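Visitor: Before I ask anything, here is the structure I am working with.
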Amino acid sequence: MDQLEAGVEHHESQVNEVEMSPALPGSKRVCVAFIGGYPRGAAFGAVTCSRSAKGREDFRKYHASAIEVPGPEVDRLAATAGKFKLFLVMGAIEREGGTLYCSTLYFDSRGAYMGKHRELMPTCSERLIWGCGDGSNLKVYVTPVGRIGRLICWEKKMPLARTALYAQGLEVYCIRTADSRGYWQASMLHIATEGACFVLSANQFCRRKDYPPAPEYTFGVFADEEPSPETIVCPGGSVIMSPLGNVLAGPHYKGETILIADLDMSEIVKAKFDFDGVGHYSRPEVLSLTVRNQPYNPVTFTSSSDGNRHP
């Protein structure tokens with residue numbers, strides 16, 4: 001949190017600044033970042049039908065480092081957004097009870113928390129440590145910088161989830177990922193043109209030394225060979241793309257960076273002249289989508305009293 005606030009203050013005039021078209025006077029900023037930690041390479045001592053004592057302790061530490069929503073960390077993020085007049089789209093590991101969720105938090109430039117999105121389906125072994133979200137927060141938020149929405153990492157491969165955002169008039173699609181492979185850029189280009197939206201894709205750049213040292217933390221992906229402190233374990237690849245398929249900034253693979261681009265919102269309508277997947281290019285009599293956007297709780301108490309609920 002301290003590093004985030006210091007970084008925003010240092011780059012106040014640069015942090016993913018989005019200069020809007022003349023139709024929306026003034027400028028706002030959208031910052032895409034990440035707190036709570038992505039446990040790249042960590043196995044949490046788990047194999048089929050067995051968990052090690054160290055793996056359980058690793059999960060306990062990871063659970064302790066997550067944040068609760070609402071909570072004091074959320075209040076600090078809101079205050080930071082308000083101080084610097086940011087529209088802040090923040091990735092975080094959220095803790096609720098004994099379960100963790102990979103979540104996105106939204107804040108407006110007045111310093112107000114707007115809401116969150118929990119990842120619908122964590123990818124592969126991430127399901128070991130993160131729970132699944134539901135449709136209640138599969139939302140697009142209306143702001144002066146456009147209609148902002150987000151999916152997380154490989155959720156973007158779920159065409160129905162993307163369609164649910166498109167149907168809400170998505171204009172600025174913010175996505176974070178831990179995938180730096182080359183195909184990611186092609187996927188971002190596809191989504192920008194499919195959804196006729198601006199895509200702001202943020203990926204981490206990190207070296208081995210950014211994680212705790214061995215044996216406290218080991219990288220299972222490197223098998224028996226522990227990488228050197230300077231080894232790049234994720235090379236980045238953050239990028240900004242336009243609805244007409246143009247790369248506006250990035251992709252950047254040469255270290256930490258801040259991407260800046262002017263977003264001409266008139267491009268959205270120009271792109272939808274070609275393709276509007278939830279408008280003139282849809283065939284609802286043949287194909288349609290139903291989104292169950294109510295919350296699903298594992299236990300419901302019929303009494304209005306909260307006395308029996310877990311705090």
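By convention here, the chains of the structure tokens are called A, B, ... in the order presented, each chain's residues are numbered starting at 1, and ligands are numbered starting at 1 in the order presented.
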Which parts of region 136-238 of chain A does DSSP call strand (DSSP E) when run on the backbone here, written out as a ChimeraX atom specification?

Guide: /A:140-143,146-152,172-177,198-203,205-207,232-235,238

Visitor: Do you know which residues are at most 10 Å from Thr123 (chain A) counting only C-alpha atoms, after dropping those on the same chain fewer than 3 positions away, and could you put them as a count of residues only?

Guide: 10

Visitor: Go through A:Gly245, A:Pro229, A:Pro70, A:Gly133 one by one, measure the shortest atom-to-atom distance of each to Cys206 (chain A) using only C-alpha atoms, and give the residue with the smallest value.

Guide: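 Nearest to Cys206 (chain A): A:Pro229.
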
Visitor: Rank nothing, just name the residue among A:Ala202, A:Val247, A:Val140, A:Ala66 nearest to Pro235 (chain A), using only C-alpha atoms.

Guide: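 Using only C-alpha atoms, Pro235 (chain A) sits closest to A:Ala202.
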
Visitor: What separation in Å, quoted to one decimal, exists between CA of Ser125 (chain A) and CA of Gly182 (chain A)?

Guide: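 Atom-to-atom, CA of Ser125 (chain A) and CA of Gly182 (chain A) are spaced 21.3 Å apart.
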
Visitor: Write out as a PyMOL selection string all residues of region 31-262 of chain A that backbone DSSP assigns to alpha helix (DSSP H).

Guide: chain A and resi 53-65+72-83+159-166+183-195

Visitor: Show which residues sit within 12 Å of Ala161 (chain A), as a PyMOL selection string. Count only C-alpha atoms, and ignore same-chain residues fewer than 4 positions away.

Guide: chain A and resi 119-121+134-135+137-140+149-152+154-157+165-168+191+195+289-293

Visitor: Taking N, CA, C and O atoms for each residue, export the selection above as a compact mmCIF listing (two decimals), in the first residue's frame.

Guide:
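After the write, part.txt holds the following:
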# COMPACT_ATOMS: atom_id res chain seq x y z
N GLU A 119 -13.16 -12.85 -9.77
CA GLU A 119 -12.90 -13.71 -10.92
C GLU A 119 -13.87 -14.90 -10.91
O GLU A 119 -13.99 -15.61 -9.92
N LEU A 120 -14.55 -15.10 -12.04
CA LEU A 120 -15.53 -16.17 -12.13
C LEU A 120 -14.88 -17.55 -12.05
O LEU A 120 -15.42 -18.46 -11.41
N MET A 121 -13.75 -17.70 -12.70
CA MET A 121 -13.08 -19.00 -12.73
C MET A 121 -11.57 -18.82 -12.72
O MET A 121 -10.98 -18.43 -13.74
N ASP A 134 -19.39 -14.92 -8.64
CA ASP A 134 -20.68 -15.18 -9.27
C ASP A 134 -21.05 -13.99 -10.16
O ASP A 134 -20.27 -13.06 -10.34
N GLY A 135 -22.25 -14.05 -10.73
CA GLY A 135 -22.64 -13.03 -11.70
C GLY A 135 -23.09 -11.71 -11.09
O GLY A 135 -23.37 -10.76 -11.83
N ASN A 137 -21.49 -9.46 -9.60
CA ASN A 137 -20.60 -8.31 -9.82
C ASN A 137 -19.95 -8.34 -11.20
O ASN A 137 -18.87 -7.80 -11.39
N LEU A 138 -20.65 -8.94 -12.15
CA LEU A 138 -20.22 -8.91 -13.55
C LEU A 138 -20.81 -7.63 -14.15
O LEU A 138 -21.79 -7.66 -14.88
N LYS A 139 -20.19 -6.48 -13.79
CA LYS A 139 -20.78 -5.19 -14.06
C LYS A 139 -19.87 -4.29 -14.88
O LYS A 139 -18.65 -4.45 -14.90
N VAL A 140 -20.51 -3.31 -15.51
CA VAL A 140 -19.82 -2.19 -16.13
C VAL A 140 -20.21 -0.93 -15.36
O VAL A 140 -21.39 -0.74 -15.04
N GLY A 149 -15.23 -1.60 -17.41
CA GLY A 149 -15.47 -2.96 -16.93
C GLY A 149 -14.19 -3.76 -16.97
O GLY A 149 -13.20 -3.34 -17.56
N ARG A 150 -14.26 -4.93 -16.37
CA ARG A 150 -13.03 -5.71 -16.29
C ARG A 150 -13.32 -7.19 -16.14
O ARG A 150 -14.25 -7.60 -15.45
N LEU A 151 -12.52 -7.98 -16.81
CA LEU A 151 -12.37 -9.40 -16.52
C LEU A 151 -10.92 -9.62 -16.12
O LEU A 151 -10.06 -8.78 -16.36
N ILE A 152 -10.65 -10.75 -15.48
CA ILE A 152 -9.34 -10.99 -14.91
C ILE A 152 -8.65 -12.15 -15.62
O ILE A 152 -9.19 -13.26 -15.69
N TRP A 154 -7.43 -15.08 -17.51
CA TRP A 154 -8.01 -15.98 -18.50
C TRP A 154 -9.53 -15.95 -18.53
O TRP A 154 -10.15 -16.61 -19.37
N GLU A 155 -10.17 -15.18 -17.65
CA GLU A 155 -11.60 -14.93 -17.82
C GLU A 155 -11.88 -14.35 -19.20
O GLU A 155 -12.96 -14.53 -19.74
N LYS A 156 -10.89 -13.63 -19.72
CA LYS A 156 -11.10 -13.00 -21.03
C LYS A 156 -11.27 -14.04 -22.12
O LYS A 156 -11.73 -13.71 -23.22
N LYS A 157 -10.94 -15.30 -21.83
CA LYS A 157 -11.16 -16.37 -22.81
C LYS A 157 -12.60 -16.88 -22.78
O LYS A 157 -12.97 -17.73 -23.58
N LEU A 165 -20.43 -8.16 -20.65
CA LEU A 165 -19.91 -6.79 -20.51
C LEU A 165 -20.27 -5.95 -21.73
O LEU A 165 -20.66 -4.78 -21.60
N TYR A 166 -20.14 -6.53 -22.92
CA TYR A 166 -20.48 -5.78 -24.13
C TYR A 166 -21.94 -5.30 -24.07
O TYR A 166 -22.26 -4.19 -24.50
N ALA A 167 -22.83 -6.16 -23.54
CA ALA A 167 -24.24 -5.84 -23.50
C ALA A 167 -24.54 -4.67 -22.56
O ALA A 167 -25.61 -4.05 -22.65
N GLN A 168 -23.60 -4.36 -21.68
CA GLN A 168 -23.76 -3.22 -20.77
C GLN A 168 -23.08 -1.96 -21.30
O GLN A 168 -22.91 -0.99 -20.57
N ILE A 191 -10.16 -8.77 -28.71
CA ILE A 191 -11.20 -8.26 -27.82
C ILE A 191 -11.50 -6.79 -28.12
O ILE A 191 -12.66 -6.37 -28.11
N GLY A 195 -15.26 -6.17 -29.21
CA GLY A 195 -16.11 -5.39 -28.32
C GLY A 195 -16.22 -3.93 -28.70
O GLY A 195 -16.97 -3.19 -28.06
N LEU A 289 -28.17 -15.00 -24.73
CA LEU A 289 -27.43 -15.23 -23.49
C LEU A 289 -28.28 -14.77 -22.31
O LEU A 289 -28.85 -13.68 -22.34
N THR A 290 -28.36 -15.61 -21.29
CA THR A 290 -29.01 -15.25 -20.02
C THR A 290 -27.95 -15.17 -18.95
O THR A 290 -27.19 -16.13 -18.74
N VAL A 291 -27.86 -14.04 -18.27
CA VAL A 291 -26.87 -13.83 -17.22
C VAL A 291 -27.59 -13.84 -15.87
O VAL A 291 -28.47 -13.01 -15.62
N ARG A 292 -27.22 -14.75 -15.00
CA ARG A 292 -27.78 -14.82 -13.65
C ARG A 292 -26.95 -13.89 -12.76
O ARG A 292 -25.92 -14.30 -12.24
N ASN A 293 -27.41 -12.68 -12.62
CA ASN A 293 -26.61 -11.67 -11.96
C ASN A 293 -27.01 -11.42 -10.50
O ASN A 293 -26.68 -10.39 -9.94

Visitor: Between CA of Ala42 (chain A) and CA of Arg207 (chain A), measure the distance and give it in Å to one decimal.

Guide: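 About the pair CA of Ala42 (chain A) and CA of Arg207 (chain A): they are 14.6 Å apart.
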
Visitor: Which residues come within 7 Å of Ala81 (chain A), counting only C-alpha atoms, excluding same-chain residues fewer than 6 positions away, as a list in words?

Guide: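 Final neighbour list, sorted by chain and number: Phe87, Leu88, Phe107, Asp108, Ser109 and Gly111 of chain A.
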
Visitor: Output the selection as a CSV table (one decimal), in the first residue's frame - C-alpha atoms for each residue.

Guide:
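See part10.csv below for the written result:
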chain,number,residue,atom,x,y,z
A,87,PHE,CA,-10.4,6.5,-11.5
A,88,LEU,CA,-8.7,3.6,-9.9
A,107,PHE,CA,-12.8,3.7,-7.2
A,108,ASP,CA,-14.0,7.0,-8.6
A,109,SER,CA,-12.1,10.3,-8.6
A,111,GLY,CA,-12.5,8.9,-3.5

Visitor: Please provide as an MDAnalysis selection string all residues within 10 Å of His190 (chain A), with the sequence filter that same-chain residues fewer than 5 positions apart are discarded (counting only C-alpha atoms).

Guide: chainID A and resid 184:185 195:196 199 241 243 245

Visitor: Write the selection just made, keeping N, CA, C and O atoms, as a PDB file, in the first residue's frame?

Guide:
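Written file, selection-v8.pdb:
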ATOM      1  N   TRP A 184      -0.921 -13.383 -26.102  1.00  0.00           N
ATOM      2  CA  TRP A 184      -1.761 -12.479 -25.337  1.00  0.00           C
ATOM      3  C   TRP A 184      -2.076 -11.209 -26.124  1.00  0.00           C
ATOM      4  O   TRP A 184      -3.196 -10.694 -26.078  1.00  0.00           O
ATOM      5  N   GLN A 185      -1.085 -10.708 -26.864  1.00  0.00           N
ATOM      6  CA  GLN A 185      -1.295  -9.483 -27.633  1.00  0.00           C
ATOM      7  C   GLN A 185      -2.358  -9.683 -28.707  1.00  0.00           C
ATOM      8  O   GLN A 185      -3.203  -8.809 -28.938  1.00  0.00           O
ATOM      9  N   GLY A 195     -15.261  -6.168 -29.212  1.00  0.00           N
ATOM     10  CA  GLY A 195     -16.114  -5.389 -28.324  1.00  0.00           C
ATOM     11  C   GLY A 195     -16.219  -3.934 -28.700  1.00  0.00           C
ATOM     12  O   GLY A 195     -16.968  -3.187 -28.057  1.00  0.00           O
ATOM     13  N   ALA A 196     -15.470  -3.495 -29.725  1.00  0.00           N
ATOM     14  CA  ALA A 196     -15.420  -2.074 -30.102  1.00  0.00           C
ATOM     15  C   ALA A 196     -15.149  -1.229 -28.866  1.00  0.00           C
ATOM     16  O   ALA A 196     -15.868  -0.278 -28.551  1.00  0.00           O
ATOM     17  N   VAL A 199      -8.874  -1.323 -24.861  1.00  0.00           N
ATOM     18  CA  VAL A 199      -8.361  -2.359 -23.975  1.00  0.00           C
ATOM     19  C   VAL A 199      -7.118  -1.839 -23.276  1.00  0.00           C
ATOM     20  O   VAL A 199      -6.147  -1.441 -23.935  1.00  0.00           O
ATOM     21  N   MET A 241      -4.877  -0.807 -26.496  1.00  0.00           N
ATOM     22  CA  MET A 241      -5.334  -0.967 -27.873  1.00  0.00           C
ATOM     23  C   MET A 241      -6.659  -0.256 -28.074  1.00  0.00           C
ATOM     24  O   MET A 241      -7.438  -0.076 -27.139  1.00  0.00           O
ATOM     25  N   PRO A 243     -10.438   0.522 -30.325  1.00  0.00           N
ATOM     26  CA  PRO A 243     -11.524  -0.255 -30.934  1.00  0.00           C
ATOM     27  C   PRO A 243     -11.313  -0.569 -32.408  1.00  0.00           C
ATOM     28  O   PRO A 243     -11.893  -1.529 -32.924  1.00  0.00           O
ATOM     29  N   GLY A 245      -8.466  -1.430 -33.623  1.00  0.00           N
ATOM     30  CA  GLY A 245      -7.367  -2.385 -33.739  1.00  0.00           C
ATOM     31  C   GLY A 245      -5.993  -1.777 -33.783  1.00  0.00           C
ATOM     32  O   GLY A 245      -5.037  -2.445 -34.210  1.00  0.00           O
TER      33      GLY A 245
END

Visitor: I want to know what sits within 6 Å of Cys197 (chain A), based on only C-alpha atoms, with residues of the same chain fewer than 5 positions away left out; could you give that as a PDB file with N, CA, C and O atoms, in the first residue's frame?

Guide:
ATOM      1  N   GLU A 171     -16.954   0.328 -22.716  1.00  0.00           N
ATOM      2  CA  GLU A 171     -16.141   1.214 -23.550  1.00  0.00           C
ATOM      3  C   GLU A 171     -14.656   1.133 -23.222  1.00  0.00           C
ATOM      4  O   GLU A 171     -13.811   1.214 -24.117  1.00  0.00           O
ATOM      5  N   VAL A 172     -14.321   0.984 -21.953  1.00  0.00           N
ATOM      6  CA  VAL A 172     -12.922   0.874 -21.522  1.00  0.00           C
ATOM      7  C   VAL A 172     -12.781  -0.439 -20.755  1.00  0.00           C
ATOM      8  O   VAL A 172     -13.304  -0.583 -19.656  1.00  0.00           O
ATOM      9  N   ALA A 192     -10.474  -5.994 -28.405  1.00  0.00           N
ATOM     10  CA  ALA A 192     -10.684  -4.585 -28.726  1.00  0.00           C
ATOM     11  C   ALA A 192     -11.598  -4.429 -29.934  1.00  0.00           C
ATOM     12  O   ALA A 192     -12.518  -3.599 -29.932  1.00  0.00           O
ATOM     13  N   PRO A 243     -10.438   0.522 -30.325  1.00  0.00           N
ATOM     14  CA  PRO A 243     -11.524  -0.255 -30.934  1.00  0.00           C
ATOM     15  C   PRO A 243     -11.313  -0.569 -32.408  1.00  0.00           C
ATOM     16  O   PRO A 243     -11.893  -1.529 -32.924  1.00  0.00           O
TER      17      PRO A 243
END

Visitor: Could you check the closest approach to Ile258 (chain A) for each of A:Lys85, A:Met114, A:Gln204, A:Leu105 and tell me which residue wins, using only C-alpha atoms?

Guide: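 Ranking A:Lys85, A:Met114, A:Gln204, A:Leu105 by distance to Ile258 (chain A), first place goes to A:Gln204.
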
Visitor: Do you have the CA of Glu68 (chain A)-CA of Glu96 (chain A) distance handy?

Guide: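 Going from CA of Glu68 (chain A) over to CA of Glu96 (chain A) covers 6.5 Å.
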
Visitor: Here is a test: counting only C-alpha atoms, which residue of A:Asp264, A:Tyr106, A:Tyr38, A:Tyr217 is nearest to Asn246 (chain A)?

Guide: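 Closest to Asn246 (chain A), using only C-alpha atoms: A:Asp264.
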
Visitor: When you look at region 58-62 of chain A with a cut-off of 9 Å (counting only C-alpha atoms), what residues show up, excluding the ones that are within fewer than 2 positions of it in the same chain? I need them as a ChimeraX atom specification.

Guide: /A:36-37,39,42,44-45,53-56,64-66,129,216-217
